[in-house]
Structures are given as structure tokens and as C-alpha cells.
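Taking it in order: structure first as C-alpha cells, then the write-up.
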Amino acid sequence: MAIDVSALVRALAQDPAQRSALREALGIADVDLLGALKRLADAQGRTEDRLDRLGQRVEELAHAQTRTEARVEELAQAQARTEARVEELAQAQARTEARLDELSKRVAQLAAQMSELASTVAGLLDVSAGLVDRMGEFAGHDLERRYRERGPAYLLRLARRLELIDSQALAVMVDDAQLDERITQLEAESLMVADAVFRGRLRDTGEPVHVVLEVSMTVARHDVRRARERADLLARLVETPVLAAVAGDHVPEPVAVAAQDAEVWCVRRGRVLAPTDDVDDFLG
């Protein structure tokens, strides 16, 4: 039980009998007793003040503890949310990685399919190129056949009464020339593969003439060169002038100029370019 020292001091001051009895019990003088009680009362007051301040401090600490606990709870909830978010991100990452694995497999499959398709396309291109080459060969052979069959009409400006020298007759001429050593084996072989060799008469003078013709869909410089070389070879076998000519559906301007320089006639779709003609008129 707490003792109110101040009240006790007041009571003793008002009651001499109680003060005397207390003094006798404690064995001290009256003055000393009152002073001691006064000091005790003062000490109790200070103690109570300290207890009040301590109580206030304890209450403040209790409030601070409450706030701390609330903050800790907030942090715990934030931590829980963070952990939940991290878990969501981890799951999303796992799904992303799984999706990437699927995409990688799909890309690999597509790459394999593309490689197979590329191989197929390459094969088709090879086949197509082969077909184009074959078609070019067929077209070239057909064009050569037409000039062999219709040479008198196509080459009418070069000479008249043209007739094709067939391969057998040409072979006899070449063989005789080779036996006489007028041409070599290689020259004989070159002359035998000429696209067409005609005999006829010059339009202006009527004297006999031979024509060596090289035919291509698109006439090139090497066609001009072959025509010139084979015409010069044939001139060593016959006693008539020999004209060199090239024919085709397309004659580029540089080739036409080269033909004129080599004194080779050009025939293109029924039009004839003599070595002395204007190239622009021929190509126009």
C-alpha cells in the first residue's frame, strides 16, 4: 500500500500525542522527526514526479512500440507482396523460357523446311535452266533449219539461184582439200560444222559465188568470227568468191558494227546488212 507522507506529516503536526508516540518509538527528537518526515515527504514528491515522467515515457514508448509494430506489419505485408510478385515473375519467366524453347524448335523446323525448299527450288531452277537451254537449242535448231530450207529467199540480196550444198557434197569437197593438204584436219572439222553453205551467182555480175552462213537466235561476235574464218577456209577449196554471213532474230549494234569491220553480211528477220550499208537503217 502506498503511504501519503505529506498527509502523515500534517497529521503528526496536528496531533502532539501521536508525534510523541512516534518519536518515542523511533528514539529521535521532535524536531528531528518533523524534519525527517518533511524530507521524506519531499523525496516522495520527487519520486512521484519521476514516476509520472516515467509513466509518460513508458506510455510514449508504448505508442512508439505500437507504431513500430504497425510499421513492421506494413513491411511484412510489403515483403509478402514482393515475394508474391517475385514468384509471379519467376513463373512468367518460366513460361517465357518454355515459349522460347517452343519458338526455337519451331524456328529450327522452319529452317529445315526452308533448307529443303531451297534444295527443291535449286533443283527446279536447274531443271528450268536445262529446259531453257533445251528450248534455246530447239529454237536455234529450228531457226537454222529455216535458213537452210529458205536460204534462197532470206539471202536473195546476197546472191540469186542459191542452192544448199548438202553435208555429203560438202564432205567430199573438204576431204579432197584435206587430201591435197590445202586444209588441216582441224580446219576440215571446222568447215564441216558450218550451219549452212550455199552456191549461187552474184546478183550484179552473175558470176558463181559461195556463201557460208552462221545462224544464232542472238548473233554474237563469235558467230561473226566463225563465219569469217569458215568463209576464208572455203575460199581455199573453191575457185569462186566466198561471202561470209550471219543470221538471227537479234543482232546487237556492236555485233553489226563488228560484222561490217570483218566484211560479213548480216541478216535479221528478212532485213540484210551489207558491209557497206548504214547500221542505223538496219537496226531501226
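By order of appearance in the C-alpha cells: chains A, B, ..., then residues from 1 within every chain, and ligands from 1 in the order shown.
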For this session: Do a neighbour search on stretch 170-185 of chain A at 8 Å with only C-alpha atoms, toss out local chain neighbours closer than 5 positions, and write the hits as a list in words.
Result: Ile165, Leu191, Met192, Leu233, Arg236 and Leu237 of chain A
For this session: For A:Gly151, list every protein, DNA or RNA residue within 12 Å, evaluated using only C-alpha atoms, and leave out those in the same chain fewer than 4 positions away; present the list as a PyMOL selection string.
Result: chain A and resi 143-147+155-165+195-200+211-215+245-247+267+270
If you run DSSP on the backbone here, which positions in stretch 44-267 of chain A get strand (DSSP E)? Please write them as an mmCIF file with N, CA and C atoms, in the first residue's frame.
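The result, written out as result33.cif:
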data_model
loop_
_atom_site.group_PDB
_atom_site.id
_atom_site.type_symbol
_atom_site.label_atom_id
_atom_site.label_comp_id
_atom_site.auth_asym_id
_atom_site.auth_seq_id
_atom_site.Cartn_x
_atom_site.Cartn_y
_atom_site.Cartn_z
ATOM 1 N N ALA A 159 22.836 -13.148 -153.212
ATOM 2 C CA ALA A 159 23.062 -13.882 -154.469
ATOM 3 C C ALA A 159 21.745 -14.472 -154.936
ATOM 4 N N ARG A 160 21.685 -14.849 -156.191
ATOM 5 C CA ARG A 160 20.489 -15.480 -156.744
ATOM 6 C C ARG A 160 20.804 -16.926 -157.116
ATOM 7 N N ARG A 161 19.762 -17.665 -157.333
ATOM 8 C CA ARG A 161 19.867 -19.082 -157.682
ATOM 9 C C ARG A 161 20.678 -19.868 -156.641
ATOM 10 N N LEU A 162 20.460 -19.498 -155.389
ATOM 11 C CA LEU A 162 21.188 -20.186 -154.331
ATOM 12 C C LEU A 162 20.641 -21.588 -154.124
ATOM 13 N N GLU A 163 21.556 -22.517 -153.909
ATOM 14 C CA GLU A 163 21.157 -23.868 -153.547
ATOM 15 C C GLU A 163 22.071 -24.358 -152.422
ATOM 16 N N LEU A 164 21.452 -25.098 -151.509
ATOM 17 C CA LEU A 164 22.194 -25.580 -150.354
ATOM 18 C C LEU A 164 23.123 -26.715 -150.766
ATOM 19 N N ALA A 196 25.390 -23.568 -142.626
ATOM 20 C CA ALA A 196 24.889 -23.754 -143.991
ATOM 21 C C ALA A 196 25.913 -23.215 -144.988
ATOM 22 N N VAL A 197 26.042 -23.933 -146.113
ATOM 23 C CA VAL A 197 26.918 -23.494 -147.203
ATOM 24 C C VAL A 197 26.092 -23.544 -148.491
ATOM 25 N N PHE A 198 26.034 -22.424 -149.180
ATOM 26 C CA PHE A 198 25.247 -22.321 -150.420
ATOM 27 C C PHE A 198 26.189 -22.030 -151.593
ATOM 28 N N ARG A 199 25.677 -22.387 -152.779
ATOM 29 C CA ARG A 199 26.324 -21.950 -154.021
ATOM 30 C C ARG A 199 25.272 -21.235 -154.852
ATOM 31 N N GLY A 200 25.688 -20.233 -155.625
ATOM 32 C CA GLY A 200 24.754 -19.474 -156.465
ATOM 33 C C GLY A 200 25.523 -18.525 -157.351
ATOM 34 N N ARG A 201 24.874 -17.410 -157.696
ATOM 35 C CA ARG A 201 25.503 -16.429 -158.569
ATOM 36 C C ARG A 201 25.315 -15.043 -157.982
ATOM 37 N N LEU A 202 26.358 -14.203 -158.139
ATOM 38 C CA LEU A 202 26.271 -12.836 -157.671
ATOM 39 C C LEU A 202 25.171 -12.102 -158.412
ATOM 40 N N PRO A 208 29.695 -17.115 -160.509
ATOM 41 C CA PRO A 208 29.470 -18.064 -159.420
ATOM 42 C C PRO A 208 29.986 -17.509 -158.089
ATOM 43 N N VAL A 209 29.312 -17.909 -157.020
ATOM 44 C CA VAL A 209 29.678 -17.455 -155.686
ATOM 45 C C VAL A 209 29.249 -18.516 -154.670
ATOM 46 N N HIS A 210 29.968 -18.599 -153.563
ATOM 47 C CA HIS A 210 29.572 -19.448 -152.442
ATOM 48 C C HIS A 210 29.288 -18.555 -151.231
ATOM 49 N N VAL A 211 28.390 -19.012 -150.383
ATOM 50 C CA VAL A 211 28.032 -18.264 -149.167
ATOM 51 C C VAL A 211 28.134 -19.211 -147.965
ATOM 52 N N VAL A 212 28.890 -18.804 -146.956
ATOM 53 C CA VAL A 212 28.968 -19.547 -145.684
ATOM 54 C C VAL A 212 28.134 -18.786 -144.657
ATOM 55 N N LEU A 213 27.161 -19.476 -144.042
ATOM 56 C CA LEU A 213 26.206 -18.827 -143.143
ATOM 57 C C LEU A 213 26.271 -19.444 -141.739
ATOM 58 N N GLU A 214 26.335 -18.560 -140.722
ATOM 59 C CA GLU A 214 26.237 -18.980 -139.329
ATOM 60 C C GLU A 214 24.945 -18.408 -138.749
ATOM 61 N N VAL A 215 24.152 -19.252 -138.074
ATOM 62 C CA VAL A 215 22.821 -18.863 -137.591
ATOM 63 C C VAL A 215 22.770 -18.985 -136.061
ATOM 64 N N VAL A 242 33.777 -16.130 -152.067
ATOM 65 C CA VAL A 242 33.008 -16.708 -150.948
ATOM 66 C C VAL A 242 32.575 -15.569 -150.020
ATOM 67 N N LEU A 243 31.265 -15.477 -149.823
ATOM 68 C CA LEU A 243 30.722 -14.462 -148.925
ATOM 69 C C LEU A 243 30.490 -15.076 -147.539
ATOM 70 N N ALA A 244 30.805 -14.318 -146.492
ATOM 71 C CA ALA A 244 30.519 -14.731 -145.113
ATOM 72 C C ALA A 244 29.276 -13.993 -144.641
ATOM 73 N N ALA A 245 28.370 -14.718 -143.934
ATOM 74 C CA ALA A 245 27.123 -14.105 -143.473
ATOM 75 C C ALA A 245 26.724 -14.694 -142.121
ATOM 76 N N VAL A 246 26.030 -13.879 -141.340
ATOM 77 C CA VAL A 246 25.445 -14.331 -140.073
ATOM 78 C C VAL A 246 23.972 -13.961 -140.108
ATOM 79 N N ALA A 247 23.152 -14.761 -139.405
ATOM 80 C CA ALA A 247 21.717 -14.505 -139.410
ATOM 81 C C ALA A 247 21.139 -14.851 -138.044
ATOM 82 N N GLY A 248 20.107 -14.119 -137.649
ATOM 83 C CA GLY A 248 19.436 -14.390 -136.381
ATOM 84 C C GLY A 248 18.286 -13.435 -136.172
ATOM 85 N N VAL A 264 31.414 -9.091 -143.149
ATOM 86 C CA VAL A 264 30.453 -10.187 -143.005
ATOM 87 C C VAL A 264 29.059 -9.604 -143.142
ATOM 88 N N TRP A 265 28.233 -10.249 -143.978
ATOM 89 C CA TRP A 265 26.860 -9.809 -144.159
ATOM 90 C C TRP A 265 26.022 -10.215 -142.943
ATOM 91 N N CYS A 266 25.003 -9.383 -142.606
ATOM 92 C CA CYS A 266 24.077 -9.679 -141.501
ATOM 93 C C CYS A 266 22.660 -9.797 -142.037
ATOM 94 N N VAL A 267 21.927 -10.799 -141.521
ATOM 95 C CA VAL A 267 20.521 -10.986 -141.908
ATOM 96 C C VAL A 267 19.714 -11.055 -140.607
#
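Interatomic distance, atom CA of A:Asp223 against atom CA of A:Asp166: 20.8 Å.
Between atom CA of A:Leu75 and atom CA of A:Arg57 there is a distance of 25.9 Å.
Shell of A:Thr276 at 12 Å, with only C-alpha atoms counted and residues fewer than 3 places along the chain excluded, is Ala256, Val257, Ala259, Gln260, Asp261, Ala262, Glu263, Val264, Trp265, Cys266, Val272, Leu273, Val279, Asp281 and Phe282 of chain A.
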For this session: Go through stretch 31-271 of chain A and collect every residue that DSSP, computed from the backbone, puts in helix (DSSP H, G or I); the answer should be as an MDAnalysis selection string.
Result: chainID A and resid 31:154 167:179 185:192 221:235 253:261
For this session: Find the distance between atom CA of A:Met217 and atom CA of A:Arg268 and write it in Å to one decimal.
Result: 9.7 Å
